[in-house]
Structure formats: C-alpha cells, structure tokens
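Visitor: Can you read through this structure? Questions will come right after.
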Amino acid sequence: MANVSFNRKRVKLKQVLGIRARLALLAVILVAPLMLERIRSLEDTRTKQIAQATAEFTTVARHSADAQREVISSVETILKSEAFIRASAGGVGKSCDVLRASLPTSLPWIRTLLIAGQDGRIQCATNNMYVGLDLSDRPYFQQAQETGRFVLSDFILSRPAQAPTVMAVYPVSAFSGVADAVVLATVNLDWMSKVMNNLGGRVGITAVLVDSTGTVLAAPADQHSAVGRPLDDMPLMSAIAELALRSNQDEGSLSFLAADGSQRAVSFIRIAGTNARLIASIDEDKVSAAVSRDIRTAYLQLAFVVMFVLLGALIAAEKLVIKPIEMLADMAKRLGEGDLSARAARKSLPSEFVPLARAFNAMAAQLSQRERELIATNDRLTVMASIDMLSGLANRRGFQSRLDFEWMRAQQYGSELALLMIDVDHFKLFNDTYGHLEGDSCLTRLGESLSDIAADTMGFAARYGGEEFCLLLPNTDLMRAVAIGEQVRAAVLKLCMPHITSAHMVVTVSIGVAATRPNESLRPGDLIEAADAALYAAKHRGRNNVVEHGVQAIEKGTAGMVIAASA
C-alpha cells in the first residue's frame with residue numbers, strides 16, 4: 001500500500017513538472033529580464049522627461065524674468081526723462097504740459113504718468129482724476145524721497161479707481177540735487193501678466209510674479225485668479241514663500257514633498273533692480289503623468305505577454321513582445337540623446353503597443369514644439385536687444401554683429417566693403433535750443449531717411465550712439481560710397497529741419513566715408529577707425545560735407561591707412 005501511494009504521488013509530481021510546466025518556467029525566466037528592462041527604460045524616460053521639462057521651464061522662466069526686467073526698465077527710463085524735464089524746466093507749468101503730451105503709446109504697461117510735489121500732493125497727471133491726491137503717507141513715496149533712487153512699490157489698490165496696480169517712482173532730486181517733486185507712473189498689472197503667458201497652459205506648472213511681501217503681482221492667463229493674493233493662500237507655494245522672499249540670492253531652487261503628497265521642484269528669480277521675484281513651481285508627478293501611465297500600461301501588457309507565453313506561444317512572443325520593446329526602447333534612447341525626430345512606426349507594431357507608441361510620439365512632438373517655441377522666443381529677444389527704439393534702426397550691438405558678418409563674407413568672396421559714419425552737426429546746440437523732444441524727433445526723422453537709403457542701396461543702417469549714425473555698404477567701392485554719402489547729406493538737407501544756431505540754418509550732417517577689401521591683414525575695427533578719421537576731417541572742414549578715407553594693408557601682419565579727402 002505504501003509503495004502504491006508513493007508511486008501515485010510520483011506520477012502527480014511528474015505531471016506537475018512536465019514539459020508544459022518546464023516551458024512555462026523557462027518562459028517566465030526569459031520574460032522576467034525583459035520586464036525589468038522595460039520598466040527600467042520607462043523609469044529612465046520619466047527621469048529624463050522631468051529633468052528636461054525642468055531645465056526647459058527654468059530657461060523660459062529666466063527669459064520671462066528678463067522680459068519683466070525690460071518692462072520695469074522702460075518705465076524707469078520714462079520716469080528719468082520726465083524727472084530731467086522737470087528739473088530743467090524749473091517750474092510746474094511747463095513740466096506738466098510736457099508730461100501730459102509724453103505718455104508713450106508704445107509702452108502699454110504704463111497707465112498714468114504723474115508729478116507730485118515735495119508735500120506729496122499730485123500737481124499734474126495724464127489722468128485728471130489723480131490731481132490733488134495726497135501720497136505723502138505712501139511708503140514708496142517716502143522711500144523715493146529718502147533714497148533719491150528709483151522705487152517700485154508693492155501691490156496696492158489705487159485710491160481713485162480702487163484698481164490693483166504697482167507704482168513706479170523717481171525723484172527729481174536725482175537730477176537737481178534739491179528735495180523737490182517726484183515723478184510717478186501706475187503700472188498695468190494685466191500687461192505684466194501678459195508677459196508671463198509663455199509660462200501658462202502647462203500641465204503641473206504654476207508661475208507667479210510676487211512683490212517683497214509675497215503678494216502676487218502677475219500670473220499667466222490660466223492662473224490670473226492668483227493676482228492680488230498672498231503666497232500663503234496658495235498651498236503649493238506657501239511652503240517656499242519664506243525661503244524665496246527672505247533669500248539674498250538672485251535666484252535659487254529646491255525640491256520638496258508638498259502637503260498633497262506630490263513631488264515638486266520650485267525655482268525663484270529676482271527681477272533686477274527691484275524686490276519682486278518670479279516664482280515657478282513644477283509638479284513632477286503631473287509632468288511625468290504620461291510616462292507613469294505608460295509604466296502602468298507596461299505592467300498590464302507584460303502580464304498579458306507572460307500569460308501568452310505560458311500558453312506556449314514562445315515564438316509569437318518573440319515577434320509580438322520583444323521586438324516592439326526593443327523598438328520603443330531605441331526610440332526612448334534616441335529621444336534621450338536629443339533626437340526629437342524619432343517616431344514609433346505604429347503600423348509595424350502590435351495593437352497592444354500602439355497606445356504606448358502614440359504616447360511616445362505625442363511626447364516627442366510636444367518636446368519638438370517646445371524647442372521651436374524656445375528658439376523663436378530667443379530670436380525675438382535677440383532682435384529686441386539689437387534695435388534702437390528711438391530711430392527704429394539697429395543699435396551699436398546689432399551693427400557690430402552685421403559688420404562682422406559682412407566682413408567675413410567680403411573676405412570670402414574678395415569683394416569690397418564700405419562704411420559711412422554720419423554725425424549730426426551741432427546737435428548739442430540743437431537740443432539746447434529746441435529741447436530734447438525735438439532732438440528725439442530729429443533723430444527719428446534722420447533714422448527714417450537712412451532706412452530708406454539703406455533699402456535702395458542694399459545697405460545696413462544703424463544708430464552708432466548719441467547723434468552718430470552709420471551706413472554699411474557691402475560690395476561697394478570708395479567712389480560709389482562717396483556718392484551715396486552725398487545722397488545722404490542731400491537727403492538730410494531736404495528734410496529742412498530748422499537749426500538757427502547752425503551756419504546753414506537747417507540741420508546738416510558731416511559724413512566720413514571709408515572702404516576696403518577685407519583681408520587677413522585688416523580687421524573690422526580698422527574700417528571703423530578710418531571712417532571715424534574721415535568724419536573728424538569732415539567736421540574740421542566746416543561740416544555739411546563728405547570726406548573719404550581709404551583703407552589698405554601695406555605689410556603682411558600690419559594694417560595701414562591712406563587718406564584721400566574730397567568735400
């Protein structure tokens with residue numbers, strides 16, 4: 001009986017450990033490493049996505065902080081101009097008339113310009129509802145009077161309109177040296193929020209601009225309800241409010257576990273010249289939600305694969321599971337290496353992997369779109385940094401970049417390159433006689449004329465600095481450049497802008513012309529120096545004339561200059 005019982009148990013054990021069970025065990029052993037590799041690749045993808053999203057958003061946040069700084073800097077520039085006018089005018093009437101006429105339409109973030117006397121009462125404003133208002137108890141007014149510097153207030157409610165705003169203040173004493181009036185501007189918070197719109201519409205991301213007390217000044221459109229609220233009222237921001245507001249650093253970041261259990265990364269950037277800070281928070285769980293869903297989907301898919309293999313379809317498993325995993329892992333690797341053109345060919349994948357491939361493709365498309373947007377943003381900022389706002393021409397920085405480019409191109413093709421340096425004659429006397437507003441108008445009209453001539457001659461016009469302009473002429477010899485210089489001089493005369501302190505009774509220009517064929521013995525600075533020298537000669541010949549200056553290499557490794565003058 002004992003032997004029979006033992007034999008029956010042995011038969012049952014063999015059945016349990018038969019070929020099917022062994023294949024099933026082998027299948028599990030084969031599939032387990034694939035499952036681990038699959039999970040590891042997705043985890044790596046999630047980590048890389050979080051890191052890439054954080055780095056990308058930090059870069060965009062810095063650009064937004066720079067844009068906010070430009071907005072505040074433009075307000076400060078306007079206030080300085082108005083303060084200088086008040087200090088120069090020496091009285092209320094004239095400065096008020098200029099103030100009412102000088103609210104710039106090109107700066108929509110300035111709502112109102114005001115002038116307040118030493119006693120804090122507003123003497124004049126571009127909006128009459130503010131006239132007579134007493135600001136002497138306002139901290140920003142007192143701080144500007146005490147420090148003699150530009151001050152940007154915290155979040156306040158404007159008294160007449162009861163509208164949220166920020167006040168910018170600049171004391172006239174900064175120019176006059178005597179305690180006197182202050183010039184103020186109300187800043188449009190809605191416009192400051194528009195500057196931050198590139199930070200909005202992103203899943204898991206919160207971005208706000210706050211003042212020194214932690215009150216929200218601006219936020220993207222999808223987070224606009226936060227404006228006017230303190231950070232302490234925002235659960236995901238309150239944890240870092242104290243650190244961000246009290247830190248002496250211009251920028252910083254930290255990672256922490258929020259009260260709702262989400263992992264968050266927070267960055268803060270100080271707006272230069274103010275106590276305002278741009279604070280951005282990234283919910284890592286939401287940013288990586290798509291990949292996390294893919295990981296959960298992968299578990300289900302791999303469970304299905306195990307069941308399929310356990311049924312004996314080992315060959316089918318090789319075709320339907322391992323190869324698709326390798327394809328998607330390769331795509332993930334290419335994406336991680338920066339190849340944003342990588343896409344999963346869904347037609348060659350089993351249907352179970354199509355949702356995962358679609359998610360990968362959507363992620364790659366989003367990353368590619370964000371990269372294009374970032375490049376476009378950088379291009380716009382580069383253009384803004386290279387344009388002179390008064391004349392509409394390129395500024396000195398933009399001119400230097402174009403000169404370097406045209407110099408290399410002329411050297412490559414062996415062509416000539418000419419430069420006109422143009423200076424407005426007796427411009428300081430013009431400003432003293434007619435005022436800075438007319439001086440600015442004069443420079444604007446000169447810029448328009450130069451722009452037209454540059455378009456006709458295939459040249460590049462720029463404002464070199466102050467009342468000095470330049471015109472770069474590619475593929476142009478000295479004779480042709482002198483002729484264009486005469487065209488410029490005649491065009492300025494034709495403008496007939498009155499200048500009673502000039503011998504010609506109208507605004508004129510002196511022009512220095514230089515041309516050369518770039519080579520290894522010369523540098524771009526030699527062309528500028530030659531044109532400057534010709535301009536100097538033009539001034540000493542009575543102004544309102546054109547003087548040429550040739551540039552040529554006289555020895556290997558040295559540069560010489562030859563002057564040939566013609567009025």
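The chains in the structure tokens are called A, B, ... from first to last as shown; in each chain the residues are counted from 1, and the ligands are counted from 1 in the order shown.
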For segment 422-437 of chain A, please output as a ChimeraX atom specification all residues within 7 Å (counting only C-alpha atoms; exclusion window: fewer than 3 positions along the same chain).

Guide: /A:440-441,467-470,499,501-502,507-512,543

Visitor: Could you give me, as JSON, numbers by chain, the residues within 9 Å of Arg397 of chain A, counting only C-alpha atoms and dropping anything in the same chain fewer than 4 positions from it?

Guide: {"A": [385, 386, 387, 401, 402, 464]}

Visitor: Please measure the separation of atom CA of Met167 of chain A and atom CA of Val187 of chain A, giving the value in Å to one decimal.

Guide: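 Between atom CA of Met167 of chain A and atom CA of Val187 of chain A the gap is 6.1 Å.
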
Visitor: Nearest to Val492 of chain A among A:Pro524, A:Gly447, A:Gly459, A:Pro164, with distances taken over only C-alpha atoms: which residue is it?

Guide: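 Closest to Val492 of chain A of all the choices is A:Gly447.
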
Visitor: Could you check the closest approach to Gly439 of chain A for each of A:Ile282, A:Ala65, A:Leu390, A:Ala537 and tell me which residue wins, using only C-alpha atoms?

Guide: A:Leu390
